[in-house]
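Notes follow once the structure below has been shown.
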Amino acid sequence: MSPLSAEMNELLRQSRIESVATSLREDIGSGDITAALIPSGRRGEARVITRVPAVIAGQAWVDEVFRQVDPQVKVRWETSDGEQAKAGQVLFTCDGPARSLLTAERAALNWLQTLSGVATRCRKFADQVAHTGVQLLDTRKTLPGLRLAEKYAVTCGGCYNHRIGLWDAFLIKENHIAACGSIAAAVSQARQIAPGRPVEVETENMNELQQAMDAGADIIMLDEFSLDDMAAAVRQVAGSCRLEASGGVNEDTLVAIAETGVDYISIGTLTKDVQAIDLSMRLHVDNTPAPG
């Protein structure tokens, strides 16, 4: 896993509490009427397995689900975020009131299967370019409401976060440039508006690349550049700033792009095309009558 900043960790903590609460409200509503079939005193034990190989992500979200449903539930993890799990492997066990285990089951598994799906996809892409020095970046193409959770899962899969949102870094695109009048004017205004924030400029050809270099951009995005032009851009920049390749990136083109020598490759599909991991919770309820 790539390290997270203190700021990101605090944002994650706040977001996790709020988003888990939302997921429970939409699932439980006025109360779990099916779980009410079980006598309130019954206790249970459960284990959750993955039916397919997966990179695990989302432990803290699962813990938060059970904490909010019933603090009496005890969760014990047998794996950790960022770990590659085998099909059939037990990921965690938990015990507590049987009603609470069943009420929390779907929300907990939804978080784990979704975030593990992101991490698994990221690991697949990261492994393809492990022989290069490139860093694979996510984008803002995330599922609504799951931005921070998905970006956390990206790091579990060995990839990296681009900007979190519209507030923490500049990404000056074609329309911004047109509105400002030029690349130089846009970069200059960015330095005045938020000194110290990273400034990235999207370029579509070698002429714009040179303009972004002259303007002093920290990162220059090469949007839909050919492989030859990417390699030429790497030579032209010669380490004076960072280069990010974007557009047309998929499993077939990824390695060739990485081997041009760019510093970053941004890939929207890391988070927007999520295939959830197949998980299963197996519950054992203690039906022994209570004493007396």
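Convention: chains lettered A, B, ... in structure tokens order; per-chain residue numbering from 1; ligands numbered from 1 as shown.
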Within 12 Å of range 12-14 of chain A using only C-alpha atoms, minus same-chain residues under 5 positions, as a PDB file with all heavy atoms, in the first residue's frame:
ATOM      1  N   LEU A   4      -0.600   7.081   3.109  1.00  0.00           N
ATOM      2  CA  LEU A   4      -1.586   8.150   3.048  1.00  0.00           C
ATOM      3  C   LEU A   4      -1.152   9.285   3.969  1.00  0.00           C
ATOM      4  O   LEU A   4      -0.583   9.049   5.032  1.00  0.00           O
ATOM      5  CB  LEU A   4      -2.961   7.636   3.474  1.00  0.00           C
ATOM      6  CG  LEU A   4      -3.561   6.496   2.636  1.00  0.00           C
ATOM      7  CD1 LEU A   4      -4.862   6.034   3.285  1.00  0.00           C
ATOM      8  CD2 LEU A   4      -3.798   6.940   1.217  1.00  0.00           C
ATOM      9  N   SER A   5      -1.449  10.501   3.574  1.00  0.00           N
ATOM     10  CA  SER A   5      -1.102  11.653   4.393  1.00  0.00           C
ATOM     11  C   SER A   5      -2.006  11.720   5.610  1.00  0.00           C
ATOM     12  O   SER A   5      -3.088  11.105   5.652  1.00  0.00           O
ATOM     13  CB  SER A   5      -1.241  12.939   3.582  1.00  0.00           C
ATOM     14  OG  SER A   5      -2.609  13.162   3.256  1.00  0.00           O
ATOM     15  N   ALA A   6      -1.586  12.502   6.623  1.00  0.00           N
ATOM     16  CA  ALA A   6      -2.410  12.675   7.815  1.00  0.00           C
ATOM     17  C   ALA A   6      -3.743  13.311   7.446  1.00  0.00           C
ATOM     18  O   ALA A   6      -4.797  12.965   8.001  1.00  0.00           O
ATOM     19  CB  ALA A   6      -1.664  13.536   8.836  1.00  0.00           C
ATOM     20  N   GLU A   7      -3.707  14.243   6.485  1.00  0.00           N
ATOM     21  CA  GLU A   7      -4.936  14.894   6.034  1.00  0.00           C
ATOM     22  C   GLU A   7      -5.882  13.880   5.415  1.00  0.00           C
ATOM     23  O   GLU A   7      -7.083  13.878   5.701  1.00  0.00           O
ATOM     24  CB  GLU A   7      -4.602  15.997   5.027  1.00  0.00           C
ATOM     25  CG  GLU A   7      -5.820  16.750   4.503  1.00  0.00           C
ATOM     26  CD  GLU A   7      -5.460  17.803   3.473  1.00  0.00           C
ATOM     27  OE1 GLU A   7      -4.443  17.621   2.768  1.00  0.00           O
ATOM     28  OE2 GLU A   7      -6.186  18.793   3.367  1.00  0.00           O
ATOM     29  N   SER A  19     -20.479   7.681   5.702  1.00  0.00           N
ATOM     30  CA  SER A  19     -20.942   6.828   4.597  1.00  0.00           C
ATOM     31  C   SER A  19     -21.466   5.490   5.093  1.00  0.00           C
ATOM     32  O   SER A  19     -22.424   4.945   4.528  1.00  0.00           O
ATOM     33  CB  SER A  19     -19.826   6.625   3.577  1.00  0.00           C
ATOM     34  OG  SER A  19     -18.667   6.080   4.168  1.00  0.00           O
ATOM     35  N   VAL A  20     -20.868   4.965   6.144  1.00  0.00           N
ATOM     36  CA  VAL A  20     -21.393   3.725   6.729  1.00  0.00           C
ATOM     37  C   VAL A  20     -22.778   3.969   7.311  1.00  0.00           C
ATOM     38  O   VAL A  20     -23.695   3.159   7.135  1.00  0.00           O
ATOM     39  CB  VAL A  20     -20.428   3.172   7.794  1.00  0.00           C
ATOM     40  CG1 VAL A  20     -21.129   2.131   8.674  1.00  0.00           C
ATOM     41  CG2 VAL A  20     -19.209   2.539   7.132  1.00  0.00           C
ATOM     42  N   ALA A  21     -22.945   5.093   7.985  1.00  0.00           N
ATOM     43  CA  ALA A  21     -24.259   5.418   8.546  1.00  0.00           C
ATOM     44  C   ALA A  21     -25.308   5.515   7.437  1.00  0.00           C
ATOM     45  O   ALA A  21     -26.441   5.026   7.592  1.00  0.00           O
ATOM     46  CB  ALA A  21     -24.188   6.725   9.327  1.00  0.00           C
ATOM     47  N   GLY A  58     -10.901  -2.523   2.776  1.00  0.00           N
ATOM     48  CA  GLY A  58     -12.151  -2.128   3.409  1.00  0.00           C
ATOM     49  C   GLY A  58     -12.339  -2.597   4.835  1.00  0.00           C
ATOM     50  O   GLY A  58     -13.450  -2.515   5.374  1.00  0.00           O
ATOM     51  N   ALA A  60     -11.610  -1.322   7.725  1.00  0.00           N
ATOM     52  CA  ALA A  60     -12.135  -0.317   8.657  1.00  0.00           C
ATOM     53  C   ALA A  60     -13.613  -0.045   8.416  1.00  0.00           C
ATOM     54  O   ALA A  60     -14.354   0.294   9.347  1.00  0.00           O
ATOM     55  CB  ALA A  60     -11.329   0.976   8.550  1.00  0.00           C
ATOM     56  N   TRP A  61     -14.085  -0.172   7.171  1.00  0.00           N
ATOM     57  CA  TRP A  61     -15.497   0.034   6.864  1.00  0.00           C
ATOM     58  C   TRP A  61     -16.338  -1.097   7.449  1.00  0.00           C
ATOM     59  O   TRP A  61     -17.417  -0.860   7.975  1.00  0.00           O
ATOM     60  CB  TRP A  61     -15.697   0.157   5.355  1.00  0.00           C
ATOM     61  CG  TRP A  61     -15.334   1.507   4.832  1.00  0.00           C
ATOM     62  CD1 TRP A  61     -16.188   2.536   4.549  1.00  0.00           C
ATOM     63  CD2 TRP A  61     -14.013   1.982   4.538  1.00  0.00           C
ATOM     64  NE1 TRP A  61     -15.474   3.626   4.093  1.00  0.00           N
ATOM     65  CE2 TRP A  61     -14.146   3.312   4.072  1.00  0.00           C
ATOM     66  CE3 TRP A  61     -12.734   1.428   4.608  1.00  0.00           C
ATOM     67  CZ2 TRP A  61     -13.048   4.090   3.695  1.00  0.00           C
ATOM     68  CZ3 TRP A  61     -11.640   2.195   4.233  1.00  0.00           C
ATOM     69  CH2 TRP A  61     -11.801   3.504   3.787  1.00  0.00           C
ATOM     70  N   GLU A  64     -16.569  -0.576  11.127  1.00  0.00           N
ATOM     71  CA  GLU A  64     -17.477   0.536  11.435  1.00  0.00           C
ATOM     72  C   GLU A  64     -18.934   0.116  11.311  1.00  0.00           C
ATOM     73  O   GLU A  64     -19.787   0.552  12.097  1.00  0.00           O
ATOM     74  CB  GLU A  64     -17.178   1.726  10.516  1.00  0.00           C
ATOM     75  CG  GLU A  64     -18.003   2.965  10.798  1.00  0.00           C
ATOM     76  CD  GLU A  64     -17.748   3.577  12.158  1.00  0.00           C
ATOM     77  OE1 GLU A  64     -16.676   3.328  12.757  1.00  0.00           O
ATOM     78  OE2 GLU A  64     -18.637   4.307  12.645  1.00  0.00           O
ATOM     79  N   LEU A 146     -18.606   7.649  -2.906  1.00  0.00           N
ATOM     80  CA  LEU A 146     -17.573   6.689  -2.495  1.00  0.00           C
ATOM     81  C   LEU A 146     -16.158   7.177  -2.851  1.00  0.00           C
ATOM     82  O   LEU A 146     -15.227   6.374  -2.901  1.00  0.00           O
ATOM     83  CB  LEU A 146     -17.817   5.321  -3.143  1.00  0.00           C
ATOM     84  CG  LEU A 146     -19.129   4.617  -2.804  1.00  0.00           C
ATOM     85  CD1 LEU A 146     -19.118   3.202  -3.368  1.00  0.00           C
ATOM     86  CD2 LEU A 146     -19.362   4.579  -1.305  1.00  0.00           C
ATOM     87  N   ARG A 147     -15.996   8.463  -3.101  1.00  0.00           N
ATOM     88  CA  ARG A 147     -14.713   8.992  -3.565  1.00  0.00           C
ATOM     89  C   ARG A 147     -13.543   8.574  -2.665  1.00  0.00           C
ATOM     90  O   ARG A 147     -12.563   7.977  -3.113  1.00  0.00           O
ATOM     91  CB  ARG A 147     -14.801  10.521  -3.637  1.00  0.00           C
ATOM     92  CG  ARG A 147     -13.481  11.285  -3.880  1.00  0.00           C
ATOM     93  CD  ARG A 147     -12.964  11.120  -5.291  1.00  0.00           C
ATOM     94  NE  ARG A 147     -13.936  11.473  -6.296  1.00  0.00           N
ATOM     95  CZ  ARG A 147     -14.196  12.727  -6.714  1.00  0.00           C
ATOM     96  NH1 ARG A 147     -13.557  13.748  -6.184  1.00  0.00           N
ATOM     97  NH2 ARG A 147     -15.088  12.952  -7.660  1.00  0.00           N
ATOM     98  N   LEU A 148     -13.621   8.896  -1.384  1.00  0.00           N
ATOM     99  CA  LEU A 148     -12.486   8.640  -0.505  1.00  0.00           C
ATOM    100  C   LEU A 148     -12.283   7.146  -0.256  1.00  0.00           C
ATOM    101  O   LEU A 148     -11.148   6.676  -0.185  1.00  0.00           O
ATOM    102  CB  LEU A 148     -12.663   9.386   0.813  1.00  0.00           C
ATOM    103  CG  LEU A 148     -12.623  10.909   0.708  1.00  0.00           C
ATOM    104  CD1 LEU A 148     -12.835  11.544   2.079  1.00  0.00           C
ATOM    105  CD2 LEU A 148     -11.311  11.383   0.114  1.00  0.00           C
ATOM    106  N   ALA A 149     -13.372   6.413  -0.125  1.00  0.00           N
ATOM    107  CA  ALA A 149     -13.257   4.967   0.088  1.00  0.00           C
ATOM    108  C   ALA A 149     -12.580   4.303  -1.099  1.00  0.00           C
ATOM    109  O   ALA A 149     -11.690   3.459  -0.941  1.00  0.00           O
ATOM    110  CB  ALA A 149     -14.633   4.363   0.340  1.00  0.00           C
ATOM    111  N   GLU A 150     -12.988   4.671  -2.310  1.00  0.00           N
ATOM    112  CA  GLU A 150     -12.385   4.072  -3.494  1.00  0.00           C
ATOM    113  C   GLU A 150     -10.922   4.470  -3.635  1.00  0.00           C
ATOM    114  O   GLU A 150     -10.075   3.655  -4.022  1.00  0.00           O
ATOM    115  CB  GLU A 150     -13.159   4.472  -4.743  1.00  0.00           C
ATOM    116  CG  GLU A 150     -14.469   3.734  -4.909  1.00  0.00           C
ATOM    117  CD  GLU A 150     -14.999   3.829  -6.331  1.00  0.00           C
ATOM    118  OE1 GLU A 150     -15.394   4.930  -6.758  1.00  0.00           O
ATOM    119  OE2 GLU A 150     -14.995   2.788  -7.019  1.00  0.00           O
ATOM    120  N   LYS A 151     -10.617   5.720  -3.325  1.00  0.00           N
ATOM    121  CA  LYS A 151      -9.229   6.151  -3.433  1.00  0.00           C
ATOM    122  C   LYS A 151      -8.343   5.437  -2.403  1.00  0.00           C
ATOM    123  O   LYS A 151      -7.178   5.161  -2.666  1.00  0.00           O
ATOM    124  CB  LYS A 151      -9.130   7.672  -3.301  1.00  0.00           C
ATOM    125  CG  LYS A 151      -9.516   8.389  -4.605  1.00  0.00           C
ATOM    126  CD  LYS A 151      -9.323   9.876  -4.519  1.00  0.00           C
ATOM    127  CE  LYS A 151      -9.529  10.530  -5.886  1.00  0.00           C
ATOM    128  NZ  LYS A 151      -8.389  10.340  -6.795  1.00  0.00           N
ATOM    129  N   TYR A 152      -8.903   5.134  -1.242  1.00  0.00           N
ATOM    130  CA  TYR A 152      -8.172   4.311  -0.282  1.00  0.00           C
ATOM    131  C   TYR A 152      -7.913   2.924  -0.861  1.00  0.00           C
ATOM    132  O   TYR A 152      -6.795   2.392  -0.786  1.00  0.00           O
ATOM    133  CB  TYR A 152      -8.949   4.192   1.024  1.00  0.00           C
ATOM    134  CG  TYR A 152      -8.379   3.146   1.947  1.00  0.00           C
ATOM    135  CD1 TYR A 152      -7.220   3.394   2.689  1.00  0.00           C
ATOM    136  CD2 TYR A 152      -8.964   1.885   2.037  1.00  0.00           C
ATOM    137  CE1 TYR A 152      -6.676   2.418   3.516  1.00  0.00           C
ATOM    138  CE2 TYR A 152      -8.424   0.908   2.864  1.00  0.00           C
ATOM    139  CZ  TYR A 152      -7.287   1.178   3.594  1.00  0.00           C
ATOM    140  OH  TYR A 152      -6.733   0.209   4.394  1.00  0.00           O
ATOM    141  N   ALA A 153      -8.932   2.330  -1.462  1.00  0.00           N
ATOM    142  CA  ALA A 153      -8.792   0.990  -2.033  1.00  0.00           C
ATOM    143  C   ALA A 153      -7.749   0.961  -3.137  1.00  0.00           C
ATOM    144  O   ALA A 153      -7.038  -0.034  -3.314  1.00  0.00           O
ATOM    145  CB  ALA A 153     -10.139   0.497  -2.560  1.00  0.00           C
ATOM    146  N   ILE A 164      -7.658  14.636  -4.871  1.00  0.00           N
ATOM    147  CA  ILE A 164      -8.848  14.100  -4.232  1.00  0.00           C
ATOM    148  C   ILE A 164     -10.104  14.716  -4.829  1.00  0.00           C
ATOM    149  O   ILE A 164     -11.103  14.050  -5.071  1.00  0.00           O
ATOM    150  CB  ILE A 164      -8.807  14.354  -2.709  1.00  0.00           C
ATOM    151  CG1 ILE A 164      -7.530  13.745  -2.104  1.00  0.00           C
ATOM    152  CG2 ILE A 164     -10.042  13.779  -2.035  1.00  0.00           C
ATOM    153  CD1 ILE A 164      -7.363  12.274  -2.351  1.00  0.00           C
TER     154      ILE A 164
END
| message | Between A:Ser30, A:Ser182, A:Gln84, A:Gln211, which residue has the minimum interatomic distance to Gly117 in chain A, considering only C-alpha atoms? | response | A:Gln84
| field | Residues near Glu45 in chain A, cut-off 8 Å, only C-alpha atoms, skip fewer than 5 positions along chain, as an MDAnalysis selection string | value | chainID A and resid 93:96 98 283:285
| field | Among the residues A:Thr103, A:Gln275, A:Thr34, A:Gln89, the one that comes closest to Phe66 in chain A [using only C-alpha atoms] | value | A:Thr103
| request: Using DSSP on the backbone coordinates, identify the residues of range 119-263 of chain A assigned to alpha helix (DSSP H); present them as number ranges by chain. | output: A: 119-128, 147-156, 174-180, 183-193, 206-215, 227-237, 254-258
| message | Report as a PyMOL selection string all protein, DNA and RNA residues lying within 8 Å of Val52 in chain A, evaluated on only C-alpha atoms, omitting residues in the same chain fewer than 2 positions from it. | response | chain A and resi 50+54+86-88+277-279
Pull N, CA, C and O atoms from the residues just selected and write them as a compact mmCIF listing (two decimals), in the first residue's frame.
# COMPACT_ATOMS: atom_id res chain seq x y z
N THR A 50 -13.94 -15.36 0.87
CA THR A 50 -14.00 -14.91 -0.51
C THR A 50 -14.05 -16.14 -1.41
O THR A 50 -13.29 -17.09 -1.22
N ALA A 54 -8.59 -12.42 -4.45
CA ALA A 54 -8.87 -10.98 -4.34
C ALA A 54 -7.81 -10.28 -3.51
O ALA A 54 -7.22 -10.88 -2.60
N LYS A 86 -6.71 -15.95 -1.21
CA LYS A 86 -7.02 -17.05 -2.12
C LYS A 86 -8.51 -17.36 -2.08
O LYS A 86 -9.20 -17.07 -1.10
N ALA A 87 -9.01 -17.97 -3.13
CA ALA A 87 -10.40 -18.41 -3.15
C ALA A 87 -10.65 -19.37 -2.00
O ALA A 87 -9.86 -20.29 -1.75
N GLY A 88 -11.73 -19.16 -1.27
CA GLY A 88 -12.07 -20.00 -0.14
C GLY A 88 -11.44 -19.57 1.17
O GLY A 88 -11.73 -20.16 2.22
N ILE A 277 -16.18 -8.21 -5.58
CA ILE A 277 -15.68 -9.54 -5.25
C ILE A 277 -16.81 -10.39 -4.66
O ILE A 277 -17.65 -9.89 -3.91
N ASP A 278 -16.82 -11.66 -4.99
CA ASP A 278 -17.86 -12.57 -4.51
C ASP A 278 -17.51 -13.07 -3.11
O ASP A 278 -16.55 -13.82 -2.93
N LEU A 279 -18.28 -12.61 -2.12
CA LEU A 279 -18.04 -12.97 -0.73
C LEU A 279 -19.24 -13.76 -0.17
O LEU A 279 -20.34 -13.69 -0.70
| query | Out of A:Gln210, A:Asn205, A:Ser226, A:Gln72, which residue has the shortest atom-to-atom distance to Thr260 in chain A when counting only C-alpha atoms? | reply | A:Ser226
| task | Just the strand (DSSP E) stuff from range 45-111 of chain A, please, per backbone DSSP, written as a VMD selection string. | result | chain A and resid 45 to 50 54 to 55 74 to 77 84 to 85 90 to 97
Can I get the selection written as a JSON list (two decimals), in the first residue's frame, with N, CA, C and O atoms?
[["chain", "number", "residue", "atom", "x", "y", "z"],
["A", 45, "GLU", "N", -22.01, -16.99, 15.71],
["A", 45, "GLU", "CA", -20.65, -16.82, 15.22],
["A", 45, "GLU", "C", -20.71, -16.90, 13.69],
["A", 45, "GLU", "O", -21.45, -17.71, 13.13],
["A", 46, "ALA", "N", -19.93, -16.06, 13.05],
["A", 46, "ALA", "CA", -19.94, -16.04, 11.58],
["A", 46, "ALA", "C", -18.52, -15.96, 11.05],
["A", 46, "ALA", "O", -17.62, -15.43, 11.72],
["A", 47, "ARG", "N", -18.34, -16.49, 9.87],
["A", 47, "ARG", "CA", -17.07, -16.31, 9.17],
["A", 47, "ARG", "C", -17.36, -15.89, 7.74],
["A", 47, "ARG", "O", -18.31, -16.36, 7.13],
["A", 48, "VAL", "N", -16.54, -15.00, 7.25],
["A", 48, "VAL", "CA", -16.71, -14.48, 5.90],
["A", 48, "VAL", "C", -15.56, -14.96, 5.04],
["A", 48, "VAL", "O", -14.38, -14.83, 5.42],
["A", 49, "ILE", "N", -15.89, -15.54, 3.88],
["A", 49, "ILE", "CA", -14.88, -16.04, 2.97],
["A", 49, "ILE", "C", -15.01, -15.34, 1.62],
["A", 49, "ILE", "O", -16.05, -14.77, 1.30],
["A", 50, "THR", "N", -13.94, -15.36, 0.87],
["A", 50, "THR", "CA", -14.00, -14.91, -0.51],
["A", 50, "THR", "C", -14.05, -16.14, -1.41],
["A", 50, "THR", "O", -13.29, -17.09, -1.22],
["A", 54, "ALA", "N", -8.59, -12.42, -4.45],
["A", 54, "ALA", "CA", -8.87, -10.98, -4.34],
["A", 54, "ALA", "C", -7.81, -10.28, -3.51],
["A", 54, "ALA", "O", -7.22, -10.88, -2.60],
["A", 55, "VAL", "N", -7.58, -9.02, -3.82],
["A", 55, "VAL", "CA", -6.79, -8.15, -2.96],
["A", 55, "VAL", "C", -7.77, -7.47, -2.02],
["A", 55, "VAL", "O", -8.74, -6.85, -2.47],
["A", 74, "LYS", "N", -17.92, -8.64, 18.11],
["A", 74, "LYS", "CA", -16.47, -8.66, 18.07],
["A", 74, "LYS", "C", -16.00, -9.21, 16.72],
["A", 74, "LYS", "O", -16.41, -10.30, 16.32],
["A", 75, "VAL", "N", -15.17, -8.43, 16.03],
["A", 75, "VAL", "CA", -14.66, -8.83, 14.71],
["A", 75, "VAL", "C", -13.18, -9.16, 14.83],
["A", 75, "VAL", "O", -12.41, -8.41, 15.41],
["A", 76, "ARG", "N", -12.80, -10.29, 14.27],
["A", 76, "ARG", "CA", -11.39, -10.72, 14.28],
["A", 76, "ARG", "C", -10.95, -10.98, 12.83],
["A", 76, "ARG", "O", -11.50, -11.86, 12.17],
["A", 77, "TRP", "N", -9.99, -10.21, 12.39],
["A", 77, "TRP", "CA", -9.51, -10.31, 11.01],
["A", 77, "TRP", "C", -8.43, -11.37, 10.87],
["A", 77, "TRP", "O", -7.53, -11.46, 11.72],
["A", 84, "GLN", "N", -3.18, -10.29, -0.66],
["A", 84, "GLN", "CA", -3.79, -11.14, -1.70],
["A", 84, "GLN", "C", -4.41, -12.36, -1.03],
["A", 84, "GLN", "O", -3.70, -13.15, -0.39],
["A", 85, "ALA", "N", -5.71, -12.51, -1.14],
["A", 85, "ALA", "CA", -6.40, -13.66, -0.55],
["A", 85, "ALA", "C", -6.71, -14.69, -1.61],
["A", 85, "ALA", "O", -6.95, -14.36, -2.78],
["A", 90, "VAL", "N", -10.75, -17.61, 4.59],
["A", 90, "VAL", "CA", -11.52, -16.86, 5.58],
["A", 90, "VAL", "C", -10.88, -15.49, 5.76],
["A", 90, "VAL", "O", -9.69, -15.38, 6.02],
["A", 91, "LEU", "N", -11.69, -14.45, 5.59],
["A", 91, "LEU", "CA", -11.19, -13.08, 5.73],
["A", 91, "LEU", "C", -11.34, -12.57, 7.15],
["A", 91, "LEU", "O", -10.43, -11.91, 7.67],
["A", 92, "PHE", "N", -12.50, -12.82, 7.74],
["A", 92, "PHE", "CA", -12.68, -12.44, 9.15],
["A", 92, "PHE", "C", -13.77, -13.29, 9.77],
["A", 92, "PHE", "O", -14.60, -13.89, 9.06],
["A", 93, "THR", "N", -13.75, -13.35, 11.09],
["A", 93, "THR", "CA", -14.81, -14.00, 11.85],
["A", 93, "THR", "C", -15.39, -12.97, 12.80],
["A", 93, "THR", "O", -14.74, -11.97, 13.13],
["A", 94, "CYS", "N", -16.60, -13.21, 13.24],
["A", 94, "CYS", "CA", -17.21, -12.30, 14.20],
["A", 94, "CYS", "C", -18.21, -13.06, 15.06],
["A", 94, "CYS", "O", -18.74, -14.09, 14.65],
["A", 95, "ASP", "N", -18.44, -12.56, 16.26],
["A", 95, "ASP", "CA", -19.43, -13.17, 17.13],
["A", 95, "ASP", "C", -20.14, -12.10, 17.93],
["A", 95, "ASP", "O", -19.62, -11.00, 18.14],
["A", 96, "GLY", "N", -21.36, -12.42, 18.32],
["A", 96, "GLY", "CA", -22.19, -11.48, 19.06],
["A", 96, "GLY", "C", -23.64, -11.85, 18.93],
["A", 96, "GLY", "O", -23.97, -12.96, 18.48],
["A", 97, "PRO", "N", -24.54, -10.95, 19.28],
["A", 97, "PRO", "CA", -25.96, -11.22, 19.12],
["A", 97, "PRO", "C", -26.28, -11.60, 17.68],
["A", 97, "PRO", "O", -25.89, -10.90, 16.74]]
| task | Considering only C-alpha atoms, return as a list of chain:residue names whatever protein or nucleic-acid residues lie within 7 Å of Asp286 in chain A, sequence-local ones (same chain, fewer than 3 positions apart) excluded. | result | A:Arg42, A:Arg43, A:Gly44
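Between CA of Ala57 in chain A and CA of Pro144 in chain A there is a distance of 18.5 Å.
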| said: Would you pick out the contacts of Ile183 in chain A at 8 Å or less, using only C-alpha atoms, so that residues sharing its chain but fewer than 3 positions from it are not included, and give the list as JSON, numbers by chain? | reply: {"A": [177, 180, 186, 187, 201, 208, 211, 212, 215]}
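One finds CA of Ser266 in chain A at 10.3 Å from CA of Leu254 in chain A.
The spacing separating CA of Ala238 in chain A from CA of Val199 in chain A amounts to 18.4 Å.
Between Tyr160 in chain A and the residues A:Arg123, A:Arg51, A:Arg235, A:Arg282, the shortest atom-to-atom distance, using only C-alpha atoms, involves A:Arg123.
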| Got a sec: who's within 10 Å of Lys272 in chain A, counting only C-alpha atoms, leaving out chain neighbours fewer than 3 positions off, as a ChimeraX atom specification? | /A:118,138-144,150,267-269,275
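Remark: for Lys173 in chain A, the closest of the candidate residues A:Cys159, A:Ala35, A:Ile220, A:Asp228 is A:Ile220 (distances computed over only C-alpha atoms).
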Give me, as a tab-separated table, the closest atom pair and its distance (Å, one decimal) for every residue of range 239-258 of chain A within a cut-off of 6 Å of range 222-225 of chain A, counting only C-alpha atoms, rows sorted by chain and rising number.
residue	atom	partner	partner_atom	distance
A:Glu244	CA	A:Leu222	CA	5.9
A:Ala245	CA	A:Leu222	CA	4.9
A:Ser246	CA	A:Asp223	CA	5.0
A:Gly247	CA	A:Glu224	CA	5.0
With all heavy atoms retained, write the just-selected residues as an mmCIF file, in the first residue's frame.
data_model
loop_
_atom_site.group_PDB
_atom_site.id
_atom_site.type_symbol
_atom_site.label_atom_id
_atom_site.label_comp_id
_atom_site.auth_asym_id
_atom_site.auth_seq_id
_atom_site.Cartn_x
_atom_site.Cartn_y
_atom_site.Cartn_z
ATOM 1 N N GLU A 244 2.428 13.148 -17.190
ATOM 2 C CA GLU A 244 1.337 12.199 -16.948
ATOM 3 C C GLU A 244 0.649 11.860 -18.264
ATOM 4 O O GLU A 244 0.193 12.757 -18.975
ATOM 5 C CB GLU A 244 0.321 12.809 -15.980
ATOM 6 C CG GLU A 244 -0.917 11.955 -15.765
ATOM 7 C CD GLU A 244 -1.966 12.674 -14.938
ATOM 8 O OE1 GLU A 244 -1.599 13.537 -14.121
ATOM 9 O OE2 GLU A 244 -3.166 12.368 -15.121
ATOM 10 N N ALA A 245 0.589 10.595 -18.588
ATOM 11 C CA ALA A 245 -0.132 10.144 -19.785
ATOM 12 C C ALA A 245 -1.581 9.884 -19.427
ATOM 13 O O ALA A 245 -1.890 9.338 -18.363
ATOM 14 C CB ALA A 245 0.505 8.882 -20.339
ATOM 15 N N SER A 246 -2.478 10.277 -20.339
ATOM 16 C CA SER A 246 -3.899 10.096 -20.083
ATOM 17 C C SER A 246 -4.627 9.868 -21.400
ATOM 18 O O SER A 246 -4.215 10.368 -22.446
ATOM 19 C CB SER A 246 -4.473 11.337 -19.394
ATOM 20 O OG SER A 246 -5.852 11.202 -19.149
ATOM 21 N N GLY A 247 -5.708 9.103 -21.336
ATOM 22 C CA GLY A 247 -6.514 8.855 -22.514
ATOM 23 C C GLY A 247 -6.088 7.607 -23.257
ATOM 24 O O GLY A 247 -4.903 7.380 -23.499
#
